[in-house]
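**Student:** The structure is given below, and queries will be raised subsequently.
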Amino acid sequence: MKLRTLISICLLCMSSIVLAQWETIIVGTVTNAETGEPISNANIYFRNTSIGTTSNQDGDFMLRCVQDKKRTLVISSIGYHSQHYSIEPGQMAGIEVAMKEKQAILPEVVATPGVNPAIYIINKVREQRNVNDRSLDGQSQTLSATTNLYISHIGRRQLKRSLWRSLQGGMIKRNDSTMLLPLFVREQQVQFDGNKINNLGTTREQALILSPTDYSALLNIDGNISIYRNNVTLLGQSFLSPLAASATTAYNYYLADSVQTESGKNYIIHFRPKNAFYATLSGEMHIDSATYAIRQVSAQASPQANINYLSDARFTQHFDEANNLQSETVSVLLDFAVTMDTTNRIMPTALVEYSLAADNQQRASAITASDSLSATAASPMDSINETPVIRFATWLGKIITTGYIPTGTVFDFGHVQEILQVNEHELLHIGLPMRTNEKLLKNVCFEANVAYGIRDKRWKGMGRVSFNLPTPRRNILHVEYRDHYAWAEVDDFTRLHYENTVGYGLMDFTAYAFEALHSNKNTRNTAIRRRQFEIRTENDWHENVETMLYARIGWQDFEYQTLGGIVRVGFGERKTDLWFRRYHSRTPYPVIYAGIEGGSYSYSGKDSYHLYGKINLMVKHTAQLGLGGELTYALQTGCVLGGVPFLLHHHFEGNQGYTYDPYRFTLMNNFQYASTLYMALHTEWNGRGILFNLIPGVRYAKLRELVTFKMAWGNKGLSTPYVEIGCGIGNIFRVLDIHSVWRLTHRNDHDTPLWAMRFRLHIGY
């Protein structure tokens, strides 16, 4: 029996070889040579025959035939240059076809020989942008907005695992193998007033598993995209617009076709990045041939762009003859898996879809979550709460976003930095912080912490109660008593540098974890035990203006009483409020802080009280430089009034550890210099791969170029400005920055090093 089987297999193989001598099999993939995108419906045929096929939506094809002589295989597609291959009879081959786009020249365009006609049209669009950009005319427009959030890319292979079986009842199936789990939907009316977006009210909002506020950090899409501007922002990330002044150095443009519409002829311009690893877009624009206004645009972020976690981002827009927005769709895919291969994800991703439509007619999206999120359909998804991966993702997400650890009850642990600290006075600080959450009371939060120091063998603690006042705008009242070790300086203005450190797009792990690790033997700890009673309010006076007002009574080496306030002015920001905590997303405009403080102090009642005052002004800004990356700077200046003791001077924050802090002076000891009239500047340029993206192989690591400049000046001790410069490599393994820092001035100071290497751990885009 075995011999018969062996003979049969041999005969079958021999017959297959004989037949294959005359059968030709060609398989391959057709892609765009510039972007690598697949080209569907491309024609693949043998010249002068009726033998052929077309490529599928992924650009793949297979052609089988029997031929008796050598023939020419032709691959063609509209808008692309055809390609030809000589195929021998009986040949089996696999080919990759990279097709180049044609640059069409239409009769209406006057083109100079050697000049790309598409660039001529793009320049005309730039010239007319002040007329055609709807965001500049000052007119308002009301639209309907829908926001959907899904868990995406749950493959069928993953669904076979028992872990995901409970999810299948609530899935929305697409045509491909991707499965979508709807988590959140919101429908509302919005009003565009130039660059501003005003929410007119929510008509429907529903969330599964968590509350709507828990998802707000992921829903940071405003829409109202204007491609006329130099930069296009998607979920806080800036991409160079194809209409930017410097765009011709970064993009290739192709005049693909012209189409006749009811209003006239439109040019179709394709734009592709010259280097796909930069923060650029690819897509097409439909441009009115008479007014050079954009009638339609679709664009997609380059999947190779040097941006973490934002694995896919795209948008489409349609405008009427009056340049009013008729519809807009924005889709953003967040992939938090640390993997080079984004097509083979090892964990699900978050998909955010945001759509706008004029005249209250919401455009039908490819996927609608209305039915799946209705009250009647929610019951099959109750099992999701018991799914381990969902529960863990929910738990971890809340910690990263808020700093508090949810327990599933009316109490949360936290803030996490209060649980465990290392410092010289206590050696090891062990705390048990807790707070109530919205499950207990919606407008009141109780927070307390009891901590013990191993070295000083003392108990310390904190108690706070917060009230959300019933006013139209946000007004929160805090009453707090705190007993802890703190830096000797009584100054709230410096803390403004660290606003939003645990918020959108950034979580820094080094701020507290490595504070006690000292880099030189001359370091000194200036933290002292402080007891303080405080009443503080957080107030919204306008959509762009916030204040913090406070009154304090405290005891440390001296007694003090303080009244003060800080005004914060920011434009074009999206604010996220999560249970008595506010987070600000990035804004293209500078944020201004102005603070004033007055009070008195006395050394434990041994003498009379002395008056003092402080004035502070600070500007923070992250400026987008297109292909040049981004520049972040913080400029602070102020003065201290009155004959105050040393501890009430303004103290420049140094960094005695091995870590890097963007708002501390790296090669200066803590509070080494103090002044009553001062100025400080912190700048950091992030190249976002402008150089690393040119290096094959290295560019896949998504490294960033970092250059820093820091300067401090004060009327006491720093009449000669203190200056540091540094350079480094950022985004190593997506979590690590390494900085090399040099001190240019005060080089006779031997208490601190002249040069050092520092590191920083953080998660960010």
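By order of appearance in the structure tokens: chains A, B, ..., then residues from 1 within every chain, and ligands from 1 in the order shown.
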With only C-alpha atoms counted and 12 Å as the cut-off, give the residues of segment 691-710 of chain A in contact with segment 315-339 of chain A, each with its shortest interatomic distance in Å and the pair that gives it, as JSON lines.
**Tutor:**
{"residue": "A:Tyr700", "atom": "CA", "partner": "A:Thr339", "partner_atom": "CA", "distance": 10.4}
{"residue": "A:Ala701", "atom": "CA", "partner": "A:Thr339", "partner_atom": "CA", "distance": 9.9}
{"residue": "A:Lys702", "atom": "CA", "partner": "A:Val338", "partner_atom": "CA", "distance": 11.5}
**Student:** Assign secondary structure with DSSP using the backbone only, and return the residues of segment 406-485 of chain A in strand (DSSP E) as a ChimeraX atom specification.
**Tutor:** /A:406,411-413,420-421,429-436,444-453,459-468,475-485
**Student:** Show which residues sit within 8 Å of Tyr609 of chain A, as a PyMOL selection string. Count only C-alpha atoms, and ignore same-chain residues fewer than 6 positions away.
**Tutor:** chain A and resi 600-602
**Student:** Quick one: write out the picked residues with C-alpha atoms as a PDB file, in the first residue's frame?
**Tutor:**
ATOM      1  CA  SER A 600       3.109  88.590  56.288  1.00  0.00           C
ATOM      2  CA  TYR A 601       5.610  86.472  58.193  1.00  0.00           C
ATOM      3  CA  SER A 602       6.956  86.179  61.725  1.00  0.00           C
TER       4      SER A 602
END
**Student:** By how many Å are atom CA of Ile294 of chain A and atom CA of Asp133 of chain A apart?
**Tutor:** 8.9 Å
**Student:** Compile the contact shell of Gly654 of chain A as JSON, numbers by chain: residues with an atom at most 10 Å away, counting only C-alpha atoms, same-chain residues fewer than 4 positions apart removed.
**Tutor:** {"A": [661, 663, 664, 665, 666, 667, 668, 669, 670, 671, 672, 673]}
